[in-house]
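Chemist: Contents of input_2.tsv (TSV, C-alpha atoms and all ligand atoms):
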chain	number	residue	atom	x	y	z
A	735	MET	CA	21.45	13.09	10.31
A	736	SER	CA	18.70	14.93	12.13
A	737	THR	CA	16.50	12.71	14.29
A	738	GLY	CA	14.17	15.52	15.28
A	739	MET	CA	13.67	17.26	18.56
A	740	CYS	CA	14.74	16.40	22.07
A	741	SER	CA	12.22	15.84	24.86
A	742	ASP	CA	12.24	17.76	28.16
A	743	SER	CA	14.53	15.06	29.53
A	744	GLY	CA	16.94	15.87	26.71
A	745	GLU	CA	16.42	12.46	25.16
A	746	ASP	CA	16.74	12.29	21.41
A	747	LEU	CA	13.70	11.15	19.39
A	748	SER	CA	15.54	8.08	18.14
A	749	GLU	CA	16.45	7.08	21.71
A	750	ARG	CA	12.82	7.39	22.79
A	751	LEU	CA	11.69	5.24	19.86
A	752	ILE	CA	14.35	2.62	20.60
A	753	ARG	CA	13.14	2.45	24.19
A	754	ILE	CA	9.66	1.54	22.89
A	755	VAL	CA	10.39	-0.91	20.08
A	756	GLY	CA	14.00	-1.98	20.62
A	757	ALA	CA	17.12	-1.00	18.66
A	758	GLU	CA	16.60	-3.68	16.01
A	759	SER	CA	13.27	-2.08	15.00
A	760	VAL	CA	14.55	1.47	14.51
A	761	ARG	CA	16.68	2.35	11.49
A	762	MET	CA	18.31	5.72	10.93
A	763	ASN	CA	18.90	7.29	7.55
A	764	GLU	CA	17.29	4.24	6.00
A	765	PRO	CA	17.09	4.11	2.16
A	766	MET	CA	13.43	3.77	1.22
A	767	SER	CA	14.43	2.03	-2.01
A	768	GLY	CA	14.80	-1.06	0.19
A	769	HIS	CA	11.21	-0.75	1.41
A	770	THR	CA	9.28	-0.04	-1.80
A	771	SER	CA	8.35	-2.41	-4.61
A	772	PHE	CA	9.52	0.30	-7.08
A	773	ARG	CA	13.02	0.05	-5.48
A	774	ILE	CA	13.07	3.86	-5.53
A	775	GLY	CA	13.31	6.43	-2.75
A	776	GLY	CA	15.87	8.37	-0.73
A	777	PRO	CA	16.48	7.90	3.00
A	778	ALA	CA	13.97	8.18	5.82
A	779	ASP	CA	15.45	9.96	8.86
A	780	LEU	CA	13.97	7.27	11.11
A	781	LEU	CA	12.11	4.10	10.16
A	782	VAL	CA	10.30	2.34	13.00
A	783	GLN	CA	8.64	-1.08	12.93
A	784	PRO	CA	6.34	-1.56	15.94
A	785	GLY	CA	5.58	-5.10	17.02
A	786	SER	CA	2.25	-4.55	18.75
A	787	THR	CA	-0.64	-2.12	18.91
A	788	ASP	CA	0.62	-0.86	22.27
A	789	GLN	CA	4.04	-0.13	20.77
A	790	LEU	CA	2.39	1.64	17.83
A	791	ARG	CA	0.31	3.77	20.20
A	792	ALA	CA	3.43	4.70	22.18
A	793	VAL	CA	5.35	5.54	18.98
A	794	LEU	CA	2.49	7.78	17.83
A	795	ALA	CA	2.49	9.52	21.24
A	796	VAL	CA	6.25	10.20	21.08
A	797	CYS	CA	5.88	11.57	17.53
A	798	ARG	CA	3.03	13.80	18.69
A	799	GLU	CA	5.05	15.12	21.65
A	800	SER	CA	7.98	15.95	19.41
A	801	GLY	CA	5.81	17.66	16.82
A	802	THR	CA	6.53	15.08	14.11
A	803	ASP	CA	3.72	13.86	11.88
A	804	PRO	CA	4.82	10.32	10.97
A	805	PHE	CA	4.34	8.74	7.57
A	806	ILE	CA	2.56	5.37	7.82
A	807	MET	CA	3.35	2.61	5.38
A	808	GLY	CA	2.63	-1.06	4.87
A	809	ASN	CA	4.57	-3.07	2.35
A	810	GLY	CA	5.45	-0.12	0.11
A	811	SER	CA	3.83	-1.63	-2.99
A	812	ASN	CA	1.77	1.40	-3.95
A	813	LEU	CA	4.30	4.10	-3.13
A	814	LEU	CA	6.65	6.43	-4.94
A	815	VAL	CA	9.06	7.97	-2.43
A	816	SER	CA	10.97	11.06	-3.56
A	817	ASP	CA	14.69	10.98	-4.24
A	818	LYS	CA	15.38	13.19	-1.21
A	819	GLY	CA	13.54	10.73	1.02
A	820	ILE	CA	11.31	11.31	4.03
A	821	ARG	CA	12.08	13.77	6.83
A	822	GLY	CA	11.07	12.68	10.29
A	823	VAL	CA	9.56	9.32	11.15
A	824	VAL	CA	8.25	6.53	8.94
A	825	ILE	CA	6.19	3.89	10.74
A	826	LYS	CA	6.26	0.66	8.80
A	827	LEU	CA	3.56	-1.85	9.65
A	828	CYS	CA	4.90	-5.16	8.47
A	829	GLU	CA	4.95	-8.78	9.63
A	830	ASN	CA	6.00	-7.50	13.10
A	831	LEU	CA	2.34	-6.59	13.38
A	832	GLY	CA	1.07	-9.71	11.62
A	833	ARG	CA	-0.95	-11.97	13.90
A	834	MET	CA	-3.94	-13.74	12.36
A	835	GLY	CA	-6.64	-16.21	13.34
A	836	MET	CA	-10.36	-16.95	13.44
A	837	GLU	CA	-12.75	-15.23	15.81
A	838	GLY	CA	-16.01	-17.15	15.53
A	839	ASP	CA	-16.78	-17.16	11.83
A	840	LEU	CA	-14.69	-14.04	11.12
A	841	LEU	CA	-11.07	-14.02	9.99
A	842	VAL	CA	-9.17	-11.41	11.99
A	843	ALA	CA	-5.66	-10.20	11.22
A	844	GLU	CA	-3.32	-7.38	12.12
A	845	ALA	CA	-2.63	-4.67	9.57
A	846	GLY	CA	1.00	-5.54	8.83
A	847	ILE	CA	0.43	-9.05	7.57
A	848	ARG	CA	0.86	-9.69	3.84
A	849	LEU	CA	-2.46	-9.87	2.04
A	850	SER	CA	-1.23	-12.96	0.16
A	851	ARG	CA	-0.75	-14.73	3.52
A	852	VAL	CA	-4.29	-13.83	4.55
A	853	ALA	CA	-5.60	-15.22	1.25
A	854	LYS	CA	-3.61	-18.43	1.73
A	855	PHE	CA	-4.83	-18.80	5.33
A	856	ALA	CA	-8.43	-18.36	4.14
A	857	MET	CA	-7.89	-21.06	1.53
A	858	ASP	CA	-6.48	-23.44	4.15
A	859	GLN	CA	-9.58	-22.81	6.27
A	860	GLY	CA	-11.83	-23.59	3.26
A	861	LEU	CA	-13.01	-19.98	3.09
A	862	THR	CA	-13.78	-18.36	-0.23
A	863	GLY	CA	-13.80	-14.64	-1.10
A	864	LEU	CA	-10.12	-13.66	-1.13
A	865	GLU	CA	-8.99	-15.50	-4.26
A	866	PHE	CA	-8.65	-12.14	-6.05
A	867	ALA	CA	-6.21	-10.92	-3.39
A	868	ALA	CA	-3.60	-13.68	-3.55
A	869	GLY	CA	-1.39	-11.79	-6.02
A	870	ILE	CA	-1.67	-8.29	-4.55
A	871	PRO	CA	1.72	-7.60	-2.91
A	872	GLY	CA	0.54	-5.23	-0.15
A	873	SER	CA	-0.18	-5.54	3.55
A	874	LEU	CA	-3.71	-6.09	4.83
A	875	GLY	CA	-3.74	-2.52	6.21
A	876	GLY	CA	-2.63	-1.02	2.91
A	877	ALA	CA	-5.23	-3.07	1.05
A	878	VAL	CA	-8.11	-1.99	3.30
A	879	TRP	CA	-6.84	1.62	3.26
A	880	MET	CA	-7.19	1.87	-0.51
A	881	ASN	CA	-9.87	-0.80	-1.01
A	882	ALA	CA	-7.54	-2.85	-3.18
A	883	GLY	CA	-9.17	-5.00	-5.80
A	884	ALA	CA	-8.64	-7.18	-8.83
A	885	TYR	CA	-10.57	-9.47	-11.16
A	886	GLY	CA	-13.97	-8.31	-9.94
A	887	GLY	CA	-13.18	-8.57	-6.20
A	888	GLU	CA	-12.46	-5.75	-3.74
A	889	MET	CA	-11.59	-5.60	-0.04
A	890	LYS	CA	-14.99	-4.01	0.61
A	891	ASP	CA	-16.65	-7.33	-0.24
A	892	THR	CA	-15.10	-8.95	2.84
A	893	VAL	CA	-14.28	-6.27	5.47
A	894	VAL	CA	-16.95	-6.07	8.20
A	895	ARG	CA	-15.02	-4.43	11.04
A	896	THR	CA	-11.75	-2.57	11.58
A	897	ALA	CA	-9.79	-1.20	14.50
A	898	SER	CA	-7.65	1.89	14.03
A	899	LEU	CA	-5.73	4.37	16.14
A	900	ASP	CA	-6.46	8.07	16.02
A	901	ARG	CA	-3.01	9.53	15.48
A	902	GLU	CA	-3.80	12.69	17.44
A	903	SER	CA	-5.41	11.20	20.57
A	904	GLY	CA	-4.11	7.62	20.39
A	905	GLU	CA	-7.70	6.49	20.93
A	906	MET	CA	-8.74	3.13	19.44
A	907	LYS	CA	-11.69	3.37	17.07
A	908	VAL	CA	-13.75	0.41	15.95
A	909	LEU	CA	-15.80	0.72	12.78
A	910	GLU	CA	-18.63	-1.80	12.45
A	911	GLY	CA	-20.17	-2.85	9.15
A	912	THR	CA	-19.02	-2.31	5.59
A	913	ALA	CA	-20.97	0.94	5.14
A	914	ALA	CA	-19.09	2.63	8.01
A	915	HIS	CA	-15.87	2.37	5.98
A	916	ALA	CA	-17.18	4.51	3.08
A	917	PHE	CA	-15.52	2.23	0.56
A	918	ASN	CA	-15.43	3.33	-3.02
A	919	TYR	CA	-13.26	2.56	-6.02
A	920	ARG	CA	-9.70	2.57	-4.54
A	921	GLU	CA	-10.95	4.61	-1.62
A	922	SER	CA	-11.91	4.21	2.04
A	923	ILE	CA	-12.70	6.43	4.99
A	924	PHE	CA	-9.11	6.05	6.25
A	925	MET	CA	-7.78	8.27	3.47
A	926	HIS	CA	-9.78	11.09	5.03
A	927	THR	CA	-9.46	10.43	8.77
A	928	ARG	CA	-5.71	9.62	8.67
A	929	ASP	CA	-6.33	7.02	11.39
A	930	VAL	CA	-3.82	4.17	11.46
A	931	LEU	CA	-5.38	0.82	10.71
A	932	VAL	CA	-4.28	-1.87	13.12
A	933	ARG	CA	-6.67	-4.78	12.57
A	934	ALA	CA	-9.41	-5.95	10.22
A	935	TRP	CA	-12.12	-8.56	10.48
A	936	LEU	CA	-13.22	-10.26	7.25
A	937	ARG	CA	-16.37	-12.25	6.56
A	938	LEU	CA	-15.80	-15.03	4.05
A	939	LYS	CA	-17.98	-17.90	2.88
A	940	GLN	CA	-17.46	-21.63	3.25
A	941	GLY	CA	-16.03	-23.14	0.10
A	942	ASP	CA	-14.18	-26.13	-1.26
A	943	PRO	CA	-10.39	-25.71	-0.69
A	944	ALA	CA	-9.58	-27.44	-3.99
A	945	VAL	CA	-11.85	-25.07	-5.91
A	946	ILE	CA	-10.43	-22.06	-4.04
A	947	ARG	CA	-6.87	-23.15	-4.79
A	948	ALA	CA	-7.66	-23.69	-8.48
A	949	GLU	CA	-9.22	-20.22	-8.76
A	950	MET	CA	-6.23	-18.59	-7.02
A	951	GLU	CA	-3.82	-20.35	-9.30
A	952	ARG	CA	-5.84	-19.31	-12.35
A	953	LEU	CA	-5.77	-15.65	-11.30
A	954	LEU	CA	-2.07	-15.78	-10.40
A	955	ALA	CA	-1.34	-17.23	-13.84
A	956	ARG	CA	-3.36	-14.42	-15.45
A	957	ARG	CA	-1.22	-11.92	-13.54
A	958	ARG	CA	2.02	-13.54	-14.62
A	959	GLU	CA	0.83	-13.46	-18.23
A	960	SER	CA	-0.32	-9.85	-18.27
A	961	GLN	CA	1.89	-8.01	-15.75
A	962	PRO	CA	5.64	-7.21	-15.82
A	963	LEU	CA	6.36	-9.03	-12.55
A	964	ASP	CA	10.04	-9.43	-13.47
A	965	HIS	CA	10.67	-5.69	-12.95
A	966	PRO	CA	10.18	-3.44	-9.91
A	967	SER	CA	6.97	-1.42	-10.11
A	968	ALA	CA	4.10	-0.20	-7.96
A	969	GLY	CA	1.40	-1.96	-9.97
A	970	SER	CA	-1.10	0.10	-11.96
A	971	VAL	CA	0.03	3.71	-11.83
A	972	PHE	CA	-3.35	5.17	-12.75
A	973	LYS	CA	-6.91	4.61	-11.63
A	974	ARG	CA	-9.21	3.15	-14.25
A	975	PRO	CA	-11.10	6.05	-15.84
A	976	ALA	CA	-14.84	5.38	-16.23
A	977	GLY	CA	-15.57	3.69	-19.55
A	978	HIS	CA	-11.91	3.11	-20.50
A	979	TYR	CA	-8.96	0.79	-19.94
A	980	THR	CA	-5.87	2.78	-18.99
A	981	GLY	CA	-3.45	0.37	-20.64
A	982	ARG	CA	-5.26	0.61	-23.97
A	983	LEU	CA	-5.38	4.44	-23.89
A	984	VAL	CA	-1.65	4.61	-23.16
A	985	GLU	CA	-0.82	2.07	-25.85
A	986	GLU	CA	-2.94	3.89	-28.45
A	987	CYS	CA	-0.91	7.03	-27.74
A	988	GLY	CA	2.14	5.08	-28.94
A	989	LEU	CA	3.70	5.11	-25.47
A	990	LYS	CA	4.33	1.38	-25.06
A	991	GLY	CA	7.99	1.10	-23.98
A	992	TYR	CA	8.38	4.90	-23.81
A	993	ALA	CA	11.05	5.80	-21.23
A	994	VAL	CA	12.41	8.69	-19.23
A	995	GLY	CA	15.80	7.52	-18.01
A	996	ASP	CA	15.27	4.13	-16.42
A	997	ALA	CA	11.54	4.67	-15.83
A	998	GLN	CA	9.62	2.96	-18.61
A	999	VAL	CA	6.02	2.34	-19.63
A	1000	SER	CA	5.94	-1.45	-19.52
A	1001	GLY	CA	5.91	-3.21	-22.87
A	1002	LYS	CA	3.76	-5.93	-21.31
A	1003	HIS	CA	1.11	-3.79	-19.58
A	1004	CYS	CA	0.93	-0.10	-20.48
A	1005	GLY	CA	-0.77	0.76	-17.18
A	1006	PHE	CA	2.46	-0.13	-15.35
A	1007	ILE	CA	5.63	1.93	-15.12
A	1008	VAL	CA	8.65	-0.23	-14.41
A	1009	ASN	CA	12.06	0.56	-12.99
A	1010	ARG	CA	14.47	-1.04	-15.44
A	1011	GLY	CA	17.53	-0.46	-13.28
A	1012	HIS	CA	18.27	2.82	-11.59
A	1013	ALA	CA	15.14	4.90	-12.15
A	1014	THR	CA	14.71	7.95	-9.95
A	1015	ALA	CA	11.45	9.23	-8.50
A	1016	LEU	CA	11.89	12.33	-10.65
A	1017	GLU	CA	12.06	10.23	-13.82
A	1018	VAL	CA	8.93	8.33	-12.83
A	1019	LYS	CA	7.10	11.61	-12.15
A	1020	GLN	CA	8.19	13.09	-15.48
A	1021	LEU	CA	7.00	9.95	-17.25
A	1022	ILE	CA	3.65	10.04	-15.41
A	1023	ARG	CA	3.16	13.68	-16.46
A	1024	HIS	CA	4.01	12.89	-20.06
A	1025	VAL	CA	1.56	9.97	-20.18
A	1026	GLN	CA	-1.18	12.10	-18.62
A	1027	GLN	CA	-0.60	14.92	-21.11
A	1028	GLU	CA	-0.59	12.61	-24.13
A	1029	VAL	CA	-3.72	10.71	-23.07
A	1030	PHE	CA	-5.52	13.98	-22.41
A	1031	ARG	CA	-4.40	15.48	-25.72
A	1032	ARG	CA	-5.51	12.44	-27.72
A	1033	PHE	CA	-8.65	11.28	-25.84
A	1034	GLY	CA	-9.61	14.14	-23.51
A	1035	VAL	CA	-9.35	11.70	-20.59
A	1036	GLN	CA	-7.68	12.91	-17.37
A	1037	LEU	CA	-5.73	10.01	-15.86
A	1038	GLU	CA	-5.64	10.16	-12.07
A	1039	THR	CA	-2.79	8.45	-10.23
A	1040	GLU	CA	-3.53	5.43	-8.06
A	1041	ILE	CA	-0.03	5.25	-6.57
A	1042	ARG	CA	0.72	7.44	-3.55
A	1043	PHE	CA	3.55	9.94	-3.31
A	1044	ALA	CA	5.67	10.51	-0.23
A	1045	GLY	CA	8.76	12.41	0.76
A	1046	GLU	CA	10.50	15.74	0.47
A	1047	GLU	CA	10.40	17.44	-2.94
B	1	LIG	C1	3.08	-6.05	-9.13
B	1	LIG	C2	1.98	-5.31	-8.40
B	1	LIG	C3	0.67	-5.69	-8.62
B	1	LIG	C4	-0.36	-5.00	-7.97
B	1	LIG	N1	-1.67	-5.39	-8.19
B	1	LIG	C5	-2.65	-4.74	-7.57
B	1	LIG	C6	-4.03	-5.13	-7.80
B	1	LIG	O1	-4.33	-6.07	-8.51
B	1	LIG	N2	-5.00	-4.43	-7.17
B	1	LIG	C7	-4.71	-3.37	-6.34
B	1	LIG	O2	-5.65	-2.78	-5.80
B	1	LIG	N3	-3.44	-3.00	-6.11
B	1	LIG	C8	-2.41	-3.65	-6.70
B	1	LIG	N4	-1.11	-3.26	-6.46
B	1	LIG	C9	-0.82	-2.10	-5.59
B	1	LIG	C10	-0.61	-2.43	-4.10
B	1	LIG	O3	-0.15	-3.73	-3.91
B	1	LIG	C11	-1.90	-2.24	-3.33
B	1	LIG	O4	-2.35	-0.92	-3.46
B	1	LIG	C12	-1.74	-2.53	-1.83
B	1	LIG	O5	-3.00	-2.49	-1.23
B	1	LIG	C13	-0.83	-1.52	-1.12
B	1	LIG	O6	-0.57	-1.99	0.18
B	1	LIG	P1	0.80	-1.66	0.92
B	1	LIG	O7	0.78	-2.32	2.24
B	1	LIG	O8	1.94	-1.99	0.03
B	1	LIG	O9	0.65	-0.09	1.09
B	1	LIG	P2	1.80	1.02	0.97
B	1	LIG	O10	2.25	1.10	-0.43
B	1	LIG	O11	2.83	0.80	2.00
B	1	LIG	O12	0.97	2.32	1.33
B	1	LIG	C14	-0.03	2.80	0.46
B	1	LIG	C15	-0.87	3.85	1.20
B	1	LIG	O13	-1.58	3.22	2.26
B	1	LIG	C16	-1.33	3.87	3.51
B	1	LIG	N5	-1.30	2.81	4.52
B	1	LIG	C17	-0.71	1.59	4.42
B	1	LIG	N6	-0.93	0.88	5.52
B	1	LIG	C18	-1.67	1.65	6.35
B	1	LIG	C19	-2.24	1.46	7.66
B	1	LIG	N7	-2.09	0.31	8.33
B	1	LIG	N8	-2.94	2.47	8.21
B	1	LIG	C20	-3.11	3.64	7.54
B	1	LIG	N9	-2.60	3.88	6.30
B	1	LIG	C21	-1.90	2.88	5.72
B	1	LIG	C22	0.02	4.56	3.33
B	1	LIG	O14	0.12	5.71	4.14
B	1	LIG	C23	-0.01	4.94	1.85
B	1	LIG	O15	-0.64	6.19	1.66
B	1	LIG	C24	-0.07	-3.93	-7.10
B	1	LIG	C25	1.29	-3.57	-6.88
B	1	LIG	C26	2.30	-4.26	-7.52
B	1	LIG	C27	3.72	-3.87	-7.26
Would you give me this structure, written as structure tokens?
Ligand SMILES: Cc1cc2nc3c(=O)[nH]c(=O)nc-3n(C[C@H](O)[C@H](O)[C@H](O)COP(=O)(O)OP(=O)(O)OC[C@H]3O[C@@H](n4cnc5c(N)ncnc54)[C@H](O)[C@@H]3O)c2cc1C
Modeler:
Amino acid sequence: MSTGMCSDSGEDLSERLIRIVGAESVRMNEPMSGHTSFRIGGPADLLVQPGSTDQLRAVLAVCRESGTDPFIMGNGSNLLVSDKGIRGVVIKLCENLGRMGMEGDLLVAEAGIRLSRVAKFAMDQGLTGLEFAAGIPGSLGGAVWMNAGAYGGEMKDTVVRTASLDRESGEMKVLEGTAAHAFNYRESIFMHTRDVLVRAWLRLKQGDPAVIRAEMERLLARRRESQPLDHPSAGSVFKRPAGHYTGRLVEECGLKGYAVGDAQVSGKHCGFIVNRGHATALEVKQLIRHVQQEVFRRFGVQLETEIRFAGEE
């Protein structure tokens, strides 16, 4: 396995990373299928899980010095990693970077924490506004990055400040106010700056915990009813095209249950592609292309993918 270049001191990249985060937080030749909700993806040369912002900054600096542009990931729930995997370094921001609390009337949490945990914490504090997020299986950072949303709510309704690291300079940037984040449908400024989100501050409203809990449970039940949660997937594969419902377009093309190998258009929700066993990234991509072609041929609608692609082709 190649772990990249050596430094002037002759130290291997993996050794330098281990010195920063500890051996238990660096994995070599790590199958990405174990880190994605699709359960698909070849090996990453090096997968690093920093436990603090300082560690993350140091990891970014080592990557920079060795000429490696790292791939940043959260919980891997919106990702399709190629079958060949990812060359170089993957930085996974997970519960290692998952502290959370209140700062005045703002909820503040680190990027790696699960969004569902943030929603539950808000409920316990009697704060309303994150009920929509309880069933989204990503990290807080991943959710802010793509302005995740469901059932009429979006991250942009709550995010009032973020802290992120510039991956080139290592400088910490603080964005104040919702407008500064250039949120749009499944979009934020971070997709364009490539800065690594490390923390977010959310403004929520006082509410009745019992009412908040009931609403969360109602939305979670709706998910269970309408989504194929018993199979690995990455959620909705496509963005919602203006004026249409993706699932309906796909179903009307007769593609419900259509499969390429083990990648299948879900029979429960045609906007999802599920892995029914041993699907490869190539099969998923072929299926995506087929669905896009059929929907375009029949309705003239160009489906854009919402999931993100990573890895060597
Ligand atoms: C069953 C299921 C249901 C889902 N339902 C919904 C839903 O209702 N609404 C919805 O919007 N999504 C939904 N999703 C998709 C997914 O959960 C969200 O997109 C989530 O926000 C992704 O977060 P993540 O941490 O898993 O990101 P990842 O998949 O790990 O990464 C996604 C992208 O974000 C970038 N990224 C992640 N963290 C950071 C960071 N800290 N700094 C910079 N870049 C970062 C990565 O580079 C990558 O490009 C669903 C997925 C599944 C499997």
Chemist: Can you tell me which residues surround Glu905 of chain A at a distance of at most 12 Å, considering all atoms listed in the file, apart from same-chain residues fewer than 4 positions away, and format the answer as JSON, numbers by chain?
Modeler: {"A": [787, 788, 790, 791, 792, 794, 795, 897, 898, 899, 900, 901, 929, 930, 931, 932]}
Chemist: Hey, which residues sit close to ligand LIG 1 (chain B)? Say within 6 Å, counting all atoms listed in the file, and write them as a VMD selection string.
Modeler: chain A and resid 771 806 to 813 845 870 to 873 875 to 877 879 882 to 884 930 to 932 963 967 to 969 1042
Chemist: Which residues come within 10 Å of Ala856 of chain A, counting only C-alpha atoms, excluding same-chain residues fewer than 4 positions away, as a list in words?
Modeler: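 The filter keeps Gly835, Met836, Leu841, Ser850, Arg851, Val852, Gly860, Leu861, Thr862, Gly863, Leu864, Glu865, Leu936, Leu938, Lys939, Gln940, Gly941, Pro943 and Ile946 of chain A.
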Chemist: For Leu780 of chain A, list every protein, DNA or RNA residue within 6 Å, evaluated using all atoms listed in the file, and leave out those in the same chain fewer than 2 positions away; present the list as an NGL selection string.
Modeler: :A and (761-762 or 778 or 823)
Chemist: Let me make sure I understand: among A:Leu874, A:Ile1022, A:Glu837, A:Arg773, which one has the smallest atom-to-atom distance to Leu849 of chain A if we use all atoms listed in the file?
Modeler: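 For Leu849 of chain A, the nearest of the given residues is A:Leu874.
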Chemist: Could you give me, as a list in words, the residues within 10 Å of Asn830 of chain A, counting all atoms listed in the file and dropping anything in the same chain fewer than 5 positions from it?
Modeler: Ser759, Gln783, Pro784, Gly785, Ser786, Glu844, Ala845, Gly846 and Ile847 of chain A
Chemist: Produce a file of the selected residues containing C-alpha atoms, as an mmCIF file, keeping the file's coordinate frame.
Modeler:
data_model
loop_
_atom_site.group_PDB
_atom_site.id
_atom_site.type_symbol
_atom_site.label_atom_id
_atom_site.label_comp_id
_atom_site.auth_asym_id
_atom_site.auth_seq_id
_atom_site.Cartn_x
_atom_site.Cartn_y
_atom_site.Cartn_z
ATOM 1 C CA SER A 759 13.270 -2.080 15.000
ATOM 2 C CA GLN A 783 8.640 -1.080 12.930
ATOM 3 C CA PRO A 784 6.340 -1.560 15.940
ATOM 4 C CA GLY A 785 5.580 -5.100 17.020
ATOM 5 C CA SER A 786 2.250 -4.550 18.750
ATOM 6 C CA GLU A 844 -3.320 -7.380 12.120
ATOM 7 C CA ALA A 845 -2.630 -4.670 9.570
ATOM 8 C CA GLY A 846 1.000 -5.540 8.830
ATOM 9 C CA ILE A 847 0.430 -9.050 7.570
#
Chemist: Using all atoms listed in the file, can you tell me which of A:Val984, A:Phe855, A:Glu1046, A:Ala976 comes closest to Asp779 of chain A?
Modeler: A:Glu1046
Chemist: With distances taken over only C-alpha atoms, which of A:Ile825, A:Cys987, A:Gln789, A:Ala1015 is nearest to Thr802 of chain A?
Modeler: A:Ile825
Chemist: A:Ala993, A:Ala914, A:Ala867, A:Ala843: which is nearest Glu829 of chain A, counting all atoms listed in the file?
Modeler: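 Among the listed residues, A:Ala843 lies closest to Glu829 of chain A.
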Chemist: Using only C-alpha atoms, can you tell me which of A:Ile820, A:Met950, A:Leu831, A:Leu814 comes closest to Ala868 of chain A?
Modeler: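 The shortest atom-to-atom distance to Ala868 of chain A comes from A:Met950.
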Chemist: Rounded to one decimal, what separation in Å do you get between atom CA of Arg947 of chain A and atom CA of Gln961 of chain A?
Modeler: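 Between atom CA of Arg947 of chain A and atom CA of Gln961 of chain A the gap works out to 20.6 Å.
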Chemist: Using only C-alpha atoms, which of the listed residues (A:Gly886, A:Gly981, A:Pro777, A:Gly904) sits closest to Glu799 of chain A?
Modeler: A:Gly904
Chemist: Would you kindly return, as a ChimeraX atom specification, each protein, DNA or RNA residue with an atom no farther than 10 Å from any atom of segment 1023-1029 of chain A, considering all atoms listed in the file and excluding same-chain residues fewer than 6 positions away?
Modeler: /A:972,980,983-989,992,994,999,1005,1017,1035-1039
Chemist: Mind dumping the selected residues with C-alpha atoms as a PDB file, in the coordinates of the input?
Modeler:
ATOM      1  CA  PHE A 972      -3.350   5.170 -12.750  1.00  0.00           C
ATOM      2  CA  THR A 980      -5.870   2.780 -18.990  1.00  0.00           C
ATOM      3  CA  LEU A 983      -5.380   4.440 -23.890  1.00  0.00           C
ATOM      4  CA  VAL A 984      -1.650   4.610 -23.160  1.00  0.00           C
ATOM      5  CA  GLU A 985      -0.820   2.070 -25.850  1.00  0.00           C
ATOM      6  CA  GLU A 986      -2.940   3.890 -28.450  1.00  0.00           C
ATOM      7  CA  CYS A 987      -0.910   7.030 -27.740  1.00  0.00           C
ATOM      8  CA  GLY A 988       2.140   5.080 -28.940  1.00  0.00           C
ATOM      9  CA  LEU A 989       3.700   5.110 -25.470  1.00  0.00           C
ATOM     10  CA  TYR A 992       8.380   4.900 -23.810  1.00  0.00           C
ATOM     11  CA  VAL A 994      12.410   8.690 -19.230  1.00  0.00           C
ATOM     12  CA  VAL A 999       6.020   2.340 -19.630  1.00  0.00           C
ATOM     13  CA  GLY A1005      -0.770   0.760 -17.180  1.00  0.00           C
ATOM     14  CA  GLU A1017      12.060  10.230 -13.820  1.00  0.00           C
ATOM     15  CA  VAL A1035      -9.350  11.700 -20.590  1.00  0.00           C
ATOM     16  CA  GLN A1036      -7.680  12.910 -17.370  1.00  0.00           C
ATOM     17  CA  LEU A1037      -5.730  10.010 -15.860  1.00  0.00           C
ATOM     18  CA  GLU A1038      -5.640  10.160 -12.070  1.00  0.00           C
ATOM     19  CA  THR A1039      -2.790   8.450 -10.230  1.00  0.00           C
TER      20      THR A1039
END
